[in-house]
$ cat protein.pdb   # PDB, C-alpha atoms, pLDDT in the B column
ATOM      1  CA  MET A  10     -16.758  53.754 102.050  1.00 52.00           C
ATOM      2  CA  GLN A  11     -13.031  54.481 102.295  1.00 53.00           C
ATOM      3  CA  LYS A  12     -10.382  51.956 101.500  1.00 51.00           C
ATOM      4  CA  SER A  13      -9.194  51.723 105.109  1.00 58.00           C
ATOM      5  CA  GLN A  14     -12.698  50.921 106.271  1.00 58.00           C
ATOM      6  CA  VAL A  15     -13.035  48.090 103.718  1.00 50.00           C
ATOM      7  CA  ILE A  16      -9.814  46.557 104.914  1.00 52.00           C
ATOM      8  CA  GLN A  17     -11.017  46.714 108.525  1.00 59.00           C
ATOM      9  CA  LYS A  18     -14.267  44.945 107.533  1.00 54.00           C
ATOM     10  CA  LEU A  19     -12.359  42.116 105.756  1.00 50.00           C
ATOM     11  CA  ILE A  20     -10.111  41.615 108.777  1.00 54.00           C
ATOM     12  CA  GLY A  21     -13.232  41.356 110.879  1.00 57.00           C
ATOM     13  CA  LEU A  22     -14.681  38.620 108.590  1.00 49.00           C
ATOM     14  CA  LYS A  23     -11.620  36.439 109.217  1.00 50.00           C
ATOM     15  CA  LYS A  24     -12.511  36.357 112.899  1.00 53.00           C
ATOM     16  CA  ILE A  25     -16.009  34.970 112.154  1.00 53.00           C
ATOM     17  CA  LYS A  26     -16.232  31.157 112.677  1.00 55.00           C
ATOM     18  CA  PRO A  27     -18.973  29.051 110.977  1.00 55.00           C
ATOM     19  CA  ARG A  28     -21.364  27.064 113.105  1.00 59.00           C
ATOM     20  CA  GLU A  29     -20.277  23.458 113.710  1.00 59.00           C
ATOM     21  CA  GLU A  30     -23.534  22.019 112.216  1.00 58.00           C
ATOM     22  CA  TRP A  31     -23.029  23.878 108.935  1.00 51.00           C
ATOM     23  CA  ALA A  32     -19.337  22.906 108.703  1.00 55.00           C
ATOM     24  CA  SER A  33     -20.107  19.222 109.368  1.00 61.00           C
ATOM     25  CA  LEU A  34     -22.823  19.158 106.680  1.00 58.00           C
ATOM     26  CA  LEU A  35     -20.547  20.772 104.087  1.00 53.00           C
ATOM     27  CA  LYS A  36     -17.770  18.308 104.845  1.00 56.00           C
ATOM     28  CA  SER A  37     -20.143  15.366 104.408  1.00 62.00           C
ATOM     29  CA  GLN A  38     -21.295  16.645 101.019  1.00 59.00           C
ATOM     30  CA  ILE A  39     -17.719  17.080  99.778  1.00 56.00           C
ATOM     31  CA  LEU A  40     -16.725  13.566 100.901  1.00 55.00           C
ATOM     32  CA  ALA A  41     -19.838  12.088  99.286  1.00 55.00           C
ATOM     33  CA  GLU A  42     -19.019  13.707  95.932  1.00 53.00           C
ATOM     34  CA  GLN A  43     -15.419  12.447  96.087  1.00 51.00           C
ATOM     35  CA  THR A  44     -16.607   8.901  96.908  1.00 52.00           C
ATOM     36  CA  ALA A  45     -19.054   8.944  93.961  1.00 48.00           C
ATOM     37  CA  GLU A  46     -16.310  10.043  91.579  1.00 48.00           C
ATOM     38  CA  SER A  47     -14.041   7.274  92.885  1.00 47.00           C
ATOM     39  CA  VAL A  48     -16.741   4.618  92.427  1.00 43.00           C
ATOM     40  CA  HIS A  49     -17.416   5.864  88.890  1.00 45.00           C
ATOM     41  CA  VAL A  50     -13.720   5.584  88.038  1.00 42.00           C
ATOM     42  CA  GLN A  51     -13.604   2.041  89.467  1.00 46.00           C
ATOM     43  CA  PHE A  52     -16.650   1.008  87.493  1.00 44.00           C
ATOM     44  CA  SER A  53     -15.232   2.538  84.306  1.00 50.00           C
ATOM     45  CA  PHE A  54     -11.984   0.632  84.748  1.00 48.00           C
ATOM     46  CA  ALA A  55     -13.883  -2.598  85.415  1.00 53.00           C
ATOM     47  CA  ASP A  56     -15.902  -2.054  82.228  1.00 54.00           C
ATOM     48  CA  VAL A  57     -12.713  -1.564  80.228  1.00 48.00           C
ATOM     49  CA  VAL A  58     -11.208  -4.754  81.657  1.00 49.00           C
ATOM     50  CA  SER A  59     -14.424  -6.706  80.952  1.00 57.00           C
ATOM     51  CA  SER A  60     -14.603  -5.393  77.374  1.00 56.00           C
ATOM     52  CA  PHE A  61     -10.968  -6.283  76.790  1.00 46.00           C
ATOM     53  CA  LYS A  62     -11.520  -9.821  78.093  1.00 50.00           C
ATOM     54  CA  PHE A  63     -14.562 -10.224  75.808  1.00 49.00           C
ATOM     55  CA  GLN A  64     -12.616  -9.031  72.761  1.00 53.00           C
ATOM     56  CA  VAL A  65      -9.722 -11.363  73.536  1.00 47.00           C
ATOM     57  CA  SER A  66     -12.147 -14.258  74.012  1.00 57.00           C
ATOM     58  CA  SER A  67     -13.916 -13.414  70.745  1.00 57.00           C
ATOM     59  CA  PHE A  68     -10.597 -13.246  68.911  1.00 50.00           C
ATOM     60  CA  PHE A  69      -9.534 -16.702  70.062  1.00 49.00           C
ATOM     61  CA  PHE A  70     -13.006 -18.105  69.344  1.00 52.00           C
ATOM     62  CA  ALA A  71     -12.874 -16.663  65.814  1.00 57.00           C
ATOM     63  CA  ARG A  72      -9.465 -18.238  65.257  1.00 55.00           C
ATOM     64  CA  LYS A  73     -10.705 -21.615  66.458  1.00 52.00           C
ATOM     65  CA  TYR A  74     -13.727 -21.325  64.162  1.00 53.00           C
ATOM     66  CA  ALA A  75     -11.505 -20.402  61.226  1.00 52.00           C
ATOM     67  CA  TYR A  76      -9.195 -23.368  61.906  1.00 46.00           C
ATOM     68  CA  ALA A  77     -12.188 -25.712  62.170  1.00 52.00           C
ATOM     69  CA  PHE A  78     -13.647 -24.413  58.896  1.00 45.00           C
ATOM     70  CA  ALA A  79     -10.291 -24.754  57.135  1.00 47.00           C
ATOM     71  CA  THR A  80      -9.949 -28.317  58.400  1.00 49.00           C
ATOM     72  CA  ILE A  81     -13.432 -29.239  57.191  1.00 51.00           C
ATOM     73  CA  LEU A  82     -12.725 -27.626  53.821  1.00 42.00           C
ATOM     74  CA  LEU A  83      -9.475 -29.556  53.388  1.00 43.00           C
ATOM     75  CA  VAL A  84     -11.169 -32.819  54.335  1.00 45.00           C
ATOM     76  CA  ALA A  85     -14.004 -32.117  51.855  1.00 45.00           C
ATOM     77  CA  ILE A  86     -11.508 -31.379  49.063  1.00 50.00           C
ATOM     78  CA  GLY A  87      -9.653 -34.576  49.905  1.00 49.00           C
ATOM     79  CA  VAL A  88     -12.855 -36.613  49.834  1.00 47.00           C
ATOM     80  CA  LEU A  89     -13.904 -35.106  46.485  1.00 49.00           C
ATOM     81  CA  GLY A  90     -10.476 -35.784  45.027  1.00 55.00           C
ATOM     82  CA  PHE A  91     -10.479 -39.382  46.233  1.00 48.00           C
ATOM     83  CA  ALA A  92     -14.051 -39.910  45.022  1.00 60.00           C
ATOM     84  CA  GLN A  93     -13.026 -39.176  41.419  1.00 70.00           C
ATOM     85  CA  SER A  94     -11.051 -42.426  41.284  1.00 76.00           C
ATOM     86  CA  THR A  95     -13.865 -44.588  42.659  1.00 89.00           C
ATOM     87  CA  LEU A  96     -15.912 -47.122  40.695  1.00 87.00           C
ATOM     88  CA  PRO A  97     -19.567 -48.165  40.925  1.00 90.00           C
ATOM     89  CA  GLY A  98     -19.983 -50.172  44.111  1.00 89.00           C
ATOM     90  CA  ASP A  99     -17.429 -48.135  46.065  1.00 88.00           C
ATOM     91  CA  THR A 100     -18.566 -46.171  49.114  1.00 87.00           C
ATOM     92  CA  LEU A 101     -17.796 -42.732  47.682  1.00 88.00           C
ATOM     93  CA  PHE A 102     -19.062 -43.400  44.151  1.00 88.00           C
ATOM     94  CA  GLN A 103     -22.271 -41.446  44.822  1.00 88.00           C
ATOM     95  CA  VAL A 104     -20.130 -38.420  45.738  1.00 85.00           C
ATOM     96  CA  LYS A 105     -18.470 -38.732  42.329  1.00 86.00           C
ATOM     97  CA  LYS A 106     -21.853 -38.783  40.569  1.00 88.00           C
ATOM     98  CA  ILE A 107     -23.138 -35.772  42.524  1.00 88.00           C
ATOM     99  CA  THR A 108     -19.980 -33.857  41.573  1.00 86.00           C
ATOM    100  CA  GLU A 109     -20.480 -34.721  37.894  1.00 84.00           C
ATOM    101  CA  GLN A 110     -24.119 -33.607  37.989  1.00 86.00           C
ATOM    102  CA  SER A 111     -23.203 -30.361  39.737  1.00 85.00           C
ATOM    103  CA  GLN A 112     -20.552 -29.553  37.135  1.00 84.00           C
ATOM    104  CA  ALA A 113     -23.014 -30.229  34.315  1.00 80.00           C
ATOM    105  CA  ALA A 114     -25.601 -27.961  35.946  1.00 83.00           C
ATOM    106  CA  LEU A 115     -23.086 -25.144  36.419  1.00 84.00           C
ATOM    107  CA  MET A 116     -21.980 -25.397  32.788  1.00 82.00           C
ATOM    108  CA  GLY A 117     -25.579 -25.388  31.581  1.00 78.00           C
ATOM    109  CA  THR A 118     -25.168 -28.674  29.684  1.00 76.00           C
ATOM    110  CA  ASP A 119     -28.345 -29.763  27.882  1.00 85.00           C
ATOM    111  CA  SER A 120     -29.958 -33.068  28.843  1.00 87.00           C
ATOM    112  CA  LEU A 121     -28.900 -34.955  25.701  1.00 89.00           C
ATOM    113  CA  LYS A 122     -25.217 -34.046  25.989  1.00 90.00           C
ATOM    114  CA  ASN A 123     -25.294 -34.669  29.722  1.00 91.00           C
ATOM    115  CA  SER A 124     -26.788 -38.147  29.296  1.00 92.00           C
ATOM    116  CA  VAL A 125     -24.318 -38.975  26.507  1.00 91.00           C
ATOM    117  CA  ASP A 126     -21.378 -37.828  28.628  1.00 92.00           C
ATOM    118  CA  ASN A 127     -22.710 -39.848  31.548  1.00 93.00           C
ATOM    119  CA  PHE A 128     -22.948 -42.969  29.368  1.00 92.00           C
ATOM    120  CA  LYS A 129     -19.333 -42.503  28.282  1.00 92.00           C
ATOM    121  CA  ARG A 130     -18.155 -42.132  31.881  1.00 93.00           C
ATOM    122  CA  ARG A 131     -20.045 -45.205  33.043  1.00 92.00           C
ATOM    123  CA  SER A 132     -18.680 -47.193  30.098  1.00 89.00           C
ATOM    124  CA  GLN A 133     -15.170 -46.146  31.121  1.00 91.00           C
ATOM    125  CA  ASP A 134     -15.902 -47.224  34.699  1.00 92.00           C
ATOM    126  CA  LEU A 135     -17.028 -50.629  33.448  1.00 89.00           C
ATOM    127  CA  ALA A 136     -13.942 -51.016  31.258  1.00 88.00           C
ATOM    128  CA  LYS A 137     -11.666 -50.087  34.184  1.00 91.00           C
ATOM    129  CA  ALA A 138     -13.381 -52.537  36.529  1.00 90.00           C
ATOM    130  CA  ALA A 139     -12.918 -55.302  33.943  1.00 88.00           C
ATOM    131  CA  ARG A 140      -9.320 -54.326  33.197  1.00 90.00           C
ATOM    132  CA  ASP A 141      -8.356 -54.210  36.887  1.00 92.00           C
ATOM    133  CA  ASN A 142     -10.246 -57.418  37.622  1.00 91.00           C
ATOM    134  CA  ARG A 143     -12.489 -55.638  40.139  1.00 91.00           C
ATOM    135  CA  THR A 144     -15.050 -58.439  40.192  1.00 90.00           C
ATOM    136  CA  SER A 145     -16.880 -57.016  43.209  1.00 93.00           C
ATOM    137  CA  ASN A 146     -17.522 -53.791  41.271  1.00 92.00           C
ATOM    138  CA  MET A 147     -18.690 -55.416  38.036  1.00 90.00           C
ATOM    139  CA  PRO A 148     -22.416 -55.888  38.900  1.00 90.00           C
ATOM    140  CA  SER A 149     -22.754 -52.249  39.996  1.00 92.00           C
ATOM    141  CA  ALA A 150     -20.784 -51.029  36.971  1.00 90.00           C
ATOM    142  CA  ILE A 151     -23.064 -52.987  34.598  1.00 88.00           C
ATOM    143  CA  ASN A 152     -26.173 -51.579  36.278  1.00 91.00           C
ATOM    144  CA  GLU A 153     -24.802 -48.046  35.966  1.00 93.00           C
ATOM    145  CA  VAL A 154     -24.171 -48.516  32.232  1.00 90.00           C
ATOM    146  CA  ARG A 155     -27.679 -49.852  31.696  1.00 90.00           C
ATOM    147  CA  ALA A 156     -29.166 -46.946  33.662  1.00 93.00           C
ATOM    148  CA  SER A 157     -27.149 -44.482  31.561  1.00 93.00           C
ATOM    149  CA  ILE A 158     -28.484 -46.090  28.348  1.00 92.00           C
ATOM    150  CA  SER A 159     -31.998 -45.551  29.670  1.00 93.00           C
ATOM    151  CA  ASP A 160     -31.167 -41.886  30.323  1.00 94.00           C
ATOM    152  CA  VAL A 161     -29.857 -41.525  26.763  1.00 93.00           C
ATOM    153  CA  ALA A 162     -33.106 -42.980  25.423  1.00 93.00           C
ATOM    154  CA  LYS A 163     -35.196 -40.552  27.456  1.00 93.00           C
ATOM    155  CA  SER A 164     -33.079 -37.586  26.313  1.00 92.00           C
ATOM    156  CA  ILE A 165     -33.404 -38.610  22.660  1.00 91.00           C
ATOM    157  CA  ALA A 166     -37.182 -38.911  23.047  1.00 90.00           C
ATOM    158  CA  GLN A 167     -37.372 -35.423  24.543  1.00 89.00           C
ATOM    159  CA  ASN A 168     -35.021 -33.840  22.002  1.00 85.00           C
ATOM    160  CA  SER A 169     -36.740 -31.967  19.195  1.00 78.00           C
ATOM    161  CA  SER A 170     -33.656 -30.634  17.431  1.00 76.00           C
ATOM    162  CA  LYS A 171     -33.399 -31.264  13.686  1.00 74.00           C
ATOM    163  CA  ASP A 172     -29.884 -30.004  13.034  1.00 77.00           C
ATOM    164  CA  SER A 173     -27.541 -32.450  11.350  1.00 77.00           C
ATOM    165  CA  GLN A 174     -24.917 -32.247  14.109  1.00 82.00           C
ATOM    166  CA  THR A 175     -27.391 -33.404  16.753  1.00 85.00           C
ATOM    167  CA  ILE A 176     -28.531 -36.289  14.534  1.00 84.00           C
ATOM    168  CA  LYS A 177     -24.909 -37.239  13.991  1.00 85.00           C
ATOM    169  CA  ASP A 178     -24.169 -37.135  17.715  1.00 87.00           C
ATOM    170  CA  ILE A 179     -27.170 -39.367  18.390  1.00 90.00           C
ATOM    171  CA  ALA A 180     -26.106 -41.821  15.682  1.00 88.00           C
ATOM    172  CA  VAL A 181     -22.580 -42.008  17.075  1.00 87.00           C
ATOM    173  CA  ILE A 182     -23.697 -42.685  20.632  1.00 90.00           C
ATOM    174  CA  VAL A 183     -26.275 -45.240  19.472  1.00 89.00           C
ATOM    175  CA  ALA A 184     -23.551 -47.053  17.536  1.00 86.00           C
ATOM    176  CA  GLU A 185     -21.393 -47.119  20.681  1.00 86.00           C
ATOM    177  CA  ILE A 186     -24.269 -48.525  22.708  1.00 86.00           C
ATOM    178  CA  LYS A 187     -25.017 -51.166  20.074  1.00 81.00           C
ATOM    179  CA  SER A 188     -21.381 -52.234  20.126  1.00 80.00           C
ATOM    180  CA  LEU A 189     -21.798 -53.144  23.795  1.00 78.00           C
ATOM    181  CA  GLU A 190     -24.814 -55.388  23.220  1.00 72.00           C
ATOM    182  CA  ASN A 191     -22.752 -58.555  22.937  1.00 68.00           C
ATOM    183  CA  SER A 192     -19.680 -57.470  24.876  1.00 71.00           C
ATOM    184  CA  LYS A 193     -18.218 -59.937  27.344  1.00 69.00           C
ATOM    185  CA  THR A 194     -18.047 -57.393  30.143  1.00 68.00           C
ATOM    186  CA  LEU A 195     -21.596 -56.080  29.849  1.00 70.00           C
ATOM    187  CA  GLY A 196     -23.311 -59.320  28.947  1.00 67.00           C
ATOM    188  CA  ASP A 197     -26.158 -59.741  26.501  1.00 65.00           C
ATOM    189  CA  LEU A 198     -28.016 -56.447  26.239  1.00 70.00           C
ATOM    190  CA  ALA A 199     -30.187 -57.502  23.308  1.00 65.00           C
ATOM    191  CA  GLY A 200     -33.816 -57.616  24.310  1.00 70.00           C
ATOM    192  CA  THR A 201     -33.278 -55.769  27.584  1.00 82.00           C
ATOM    193  CA  THR A 202     -35.560 -52.977  28.754  1.00 87.00           C
ATOM    194  CA  GLU A 203     -32.869 -50.372  28.126  1.00 88.00           C
ATOM    195  CA  ILE A 204     -32.374 -51.366  24.457  1.00 86.00           C
ATOM    196  CA  LYS A 205     -36.123 -51.416  23.925  1.00 88.00           C
ATOM    197  CA  GLU A 206     -36.356 -47.887  25.391  1.00 91.00           C
ATOM    198  CA  LEU A 207     -33.588 -46.782  23.037  1.00 91.00           C
ATOM    199  CA  ASN A 208     -35.315 -48.264  19.982  1.00 89.00           C
ATOM    200  CA  ASP A 209     -38.635 -46.706  20.977  1.00 90.00           C
ATOM    201  CA  ALA A 210     -36.920 -43.309  21.263  1.00 92.00           C
ATOM    202  CA  LEU A 211     -35.249 -43.709  17.856  1.00 92.00           C
ATOM    203  CA  ALA A 212     -38.441 -44.657  16.009  1.00 93.00           C
ATOM    204  CA  PRO A 213     -40.024 -41.183  15.798  1.00 92.00           C
ATOM    205  CA  LEU A 214     -36.633 -39.621  15.093  1.00 91.00           C
ATOM    206  CA  VAL A 215     -36.034 -41.921  12.117  1.00 92.00           C
ATOM    207  CA  MET A 216     -39.567 -41.370  10.808  1.00 93.00           C
ATOM    208  CA  ARG A 217     -39.121 -37.604  11.040  1.00 91.00           C
ATOM    209  CA  GLU A 218     -35.889 -37.834   9.025  1.00 90.00           C
ATOM    210  CA  ILE A 219     -37.556 -40.067   6.420  1.00 92.00           C
ATOM    211  CA  ASN A 220     -40.351 -37.522   5.963  1.00 93.00           C
ATOM    212  CA  ASP A 221     -37.817 -34.709   5.557  1.00 90.00           C
ATOM    213  CA  LEU A 222     -35.809 -36.709   2.990  1.00 90.00           C
ATOM    214  CA  GLU A 223     -38.936 -37.435   0.952  1.00 91.00           C
ATOM    215  CA  LYS A 224     -39.461 -33.698   0.588  1.00 90.00           C
ATOM    216  CA  THR A 225     -35.909 -33.232  -0.668  1.00 88.00           C
ATOM    217  CA  THR A 226     -34.580 -33.646  -4.198  1.00 89.00           C
ATOM    218  CA  LEU A 227     -32.354 -36.731  -4.074  1.00 88.00           C
ATOM    219  CA  THR A 228     -29.942 -38.333  -6.467  1.00 90.00           C
ATOM    220  CA  GLU A 229     -30.564 -41.836  -7.752  1.00 90.00           C
ATOM    221  CA  GLU A 230     -28.066 -43.226  -5.250  1.00 90.00           C
ATOM    222  CA  GLN A 231     -29.703 -41.337  -2.412  1.00 90.00           C
ATOM    223  CA  GLN A 232     -33.121 -42.587  -3.455  1.00 92.00           C
ATOM    224  CA  LYS A 233     -31.825 -46.133  -3.241  1.00 92.00           C
ATOM    225  CA  THR A 234     -30.454 -45.476   0.242  1.00 92.00           C
ATOM    226  CA  LEU A 235     -33.775 -43.976   1.300  1.00 93.00           C
ATOM    227  CA  SER A 236     -35.543 -47.167   0.229  1.00 94.00           C
ATOM    228  CA  GLU A 237     -33.134 -49.161   2.392  1.00 94.00           C
ATOM    229  CA  ILE A 238     -33.838 -46.808   5.311  1.00 94.00           C
ATOM    230  CA  LYS A 239     -37.577 -47.386   4.969  1.00 95.00           C
ATOM    231  CA  ASP A 240     -37.027 -51.119   4.897  1.00 95.00           C
ATOM    232  CA  LEU A 241     -34.937 -50.966   8.065  1.00 94.00           C
ATOM    233  CA  TYR A 242     -37.604 -48.837   9.703  1.00 94.00           C
ATOM    234  CA  GLU A 243     -40.255 -51.451   8.905  1.00 94.00           C
ATOM    235  CA  LYS A 244     -38.029 -54.081  10.518  1.00 92.00           C
ATOM    236  CA  GLU A 245     -37.637 -51.793  13.589  1.00 90.00           C
ATOM    237  CA  ASN A 246     -33.900 -51.651  13.033  1.00 90.00           C
ATOM    238  CA  TYR A 247     -33.783 -47.960  13.857  1.00 90.00           C
ATOM    239  CA  SER A 248     -30.107 -47.706  14.727  1.00 87.00           C
ATOM    240  CA  GLU A 249     -28.955 -48.891  11.278  1.00 90.00           C
ATOM    241  CA  ALA A 250     -31.604 -46.736   9.648  1.00 92.00           C
ATOM    242  CA  LEU A 251     -30.178 -43.732  11.449  1.00 90.00           C
ATOM    243  CA  GLU A 252     -26.670 -44.586  10.237  1.00 88.00           C
ATOM    244  CA  LYS A 253     -27.888 -44.647   6.629  1.00 90.00           C
ATOM    245  CA  ILE A 254     -29.665 -41.324   7.135  1.00 89.00           C
ATOM    246  CA  LEU A 255     -26.304 -39.854   8.054  1.00 85.00           C
ATOM    247  CA  LEU A 256     -24.850 -41.458   4.926  1.00 83.00           C
ATOM    248  CA  ILE A 257     -27.381 -39.627   2.752  1.00 83.00           C
ATOM    249  CA  ASN A 258     -26.670 -36.326   4.503  1.00 72.00           C
ATOM    250  CA  GLU A 259     -22.949 -36.742   3.823  1.00 72.00           C
ATOM    251  CA  GLN A 260     -23.366 -37.645   0.147  1.00 65.00           C
TER     252      GLN A 260
END
$ encode --input "protein.pdb" --output "C-alpha cells"
Amino acid sequence: MQKSQVIQKLIGLKKIKPREEWASLLKSQILAEQTAESVHVQFSFADVVSSFKFQVSSFFFARKYAYAFATILLVAIGVLGFAQSTLPGDTLFQVKKITEQSQAALMGTDSLKNSVDNFKRRSQDLAKAARDNRTSNMPSAINEVRASISDVAKSIAQNSSKDSQTIKDIAVIVAEIKSLENSKTLGDLAGTTEIKELNDALAPLVMREINDLEKTTLTEEQQKTLSEIKDLYEKENYSEALEKILLINEQ
C-alpha cells in the first residue's frame, strides 16, 4: 500500500463515530475508577490522621504514667527516710525493720551477726526512748529488746563455728545483754524466758570449749582457770564461764 493511500485511510477513520452505548459504558468505567482512587486517598488520609491521634494520645499517657511513677517513688523514698527515725510503737516502725532485714539479706549477713546487729539497734531504740522521755514508746521498745535477745539465743544455738573470733563476738554480746538485766529502763530481766533461752544456748557452747581445752596443753595458770570454768558451768553460770574461756585463749 502506498503512502498516499494510508493517509487517506487514516483520514477516513477520523470520520467514524463510536456507538452511543459503547461510549456511555466507557465513560462510566473511567468515572468509577477515578471515584475509587479518590475514596482510597480519603481513607489513607483518615488512617494517617487516626494514627497520629493515637500516637499523640499514647505520648501524653506515657508522660502521665511516668509522672505518677516518679511521684510514687519520691513518696516511697520519703517514707523510708522518715521511718529510719522512728521508734518501737510508732506507725512506721515496721517499715524500718523490713528495711533493715532487706539490707541484711542483700549483704548476705549470717544469722548470728544479723541477730547481734538487731539487738544493738533495738537497745539503741530503747536508750533513745528513755533519753527523750518517750514513755508511750517504752513498752514496745522493751518488748523489741527482749525479742532480739531471743533471736540472739536461737542464732547461738544454731551456730557451729569454733573459731576464736566467733566465740569472742558471742561473749561480748552476752556481756552486753547481761548488763541490761538490772537496768532501770529495761526492768528486771533475770529469770525471764529470754535469759533462760540465752543460757540454754550457751550451755553446749561452753561444754564444747571445755572439752577442747582439756585436750590442749595448758599452763598451771590456765589449768586453774579451767577449773573455775567447770565450776561455773556446774552452777549454770554460762556467761561468766564463757568470759573465762576467752581469758584462757588470750593468755
$ closest_residue --input "protein.pdb" --among "A:Gln133, A:Lys233, A:Glu218, A:Leu207" --to "Ser248 of chain A" --atoms "only C-alpha atoms"
A:Leu207
$ residues_near_point --input "protein.pdb" --point "(-20.5, -52.5, 49.0)" --cutoff "9 Å" --atoms "all atoms listed in the file" --output "ChimeraX atom specification"
/A:98-100,145-146
$ atom_distance --input "protein.pdb" --atom1 "atom CA of Pro148 of chain A" --atom2 "atom CA of Ala162 of chain A"
21.5 Å
$ residues_around --input "protein.pdb" --residues "Asn123 of chain A" --least-positions-apart "3" --cutoff "12 Å" --atoms "only C-alpha atoms" --output "MDAnalysis selection string"
chainID A and resid 109:120 126:130 157:158 160:161 163:165
$ closest_residue --input "protein.pdb" --among "A:Ala180, A:Leu227, A:Leu101, A:Val154" --to "Ala250 of chain A" --atoms "all atoms listed in the file"
A:Ala180
$ resolve_selection --input "protein.pdb" --expression "the PyMOL selection byres ((chain A and resi 149) around 12)" --output "PyMOL selection string"
chain A and resi 96-100+102-103+131-132+134-135+138-139+143-148+150-156+195
$ resolve_selection --input "protein.pdb" --expression "the PyMOL selection byres ((chain A and resi 237) around 12)" --output "VMD selection string"
chain A and resid 219 230 to 236 238 to 244 246 to 247 249 to 254 256 to 257
$ closest_residue --input "protein.pdb" --among "A:Asp221, A:Lys137, A:Thr226, A:Ser159" --to "Lys205 of chain A" --atoms "all atoms listed in the file"
A:Ser159
$ atom_distance --input "protein.pdb" --atom1 "atom CA of Val181 of chain A" --atom2 "atom CA of Val104 of chain A"
29.0 Å
$ closest_residue --input "protein.pdb" --among "A:Leu214, A:Asn142, A:Glu223, A:Lys105" --to "Lys171 of chain A" --atoms "only C-alpha atoms"
A:Leu214
$ closest_residue --input "protein.pdb" --among "A:Ser94, A:Glu229, A:Ala136, A:Gln167" --to "Leu189 of chain A" --atoms "only C-alpha atoms"
A:Ala136
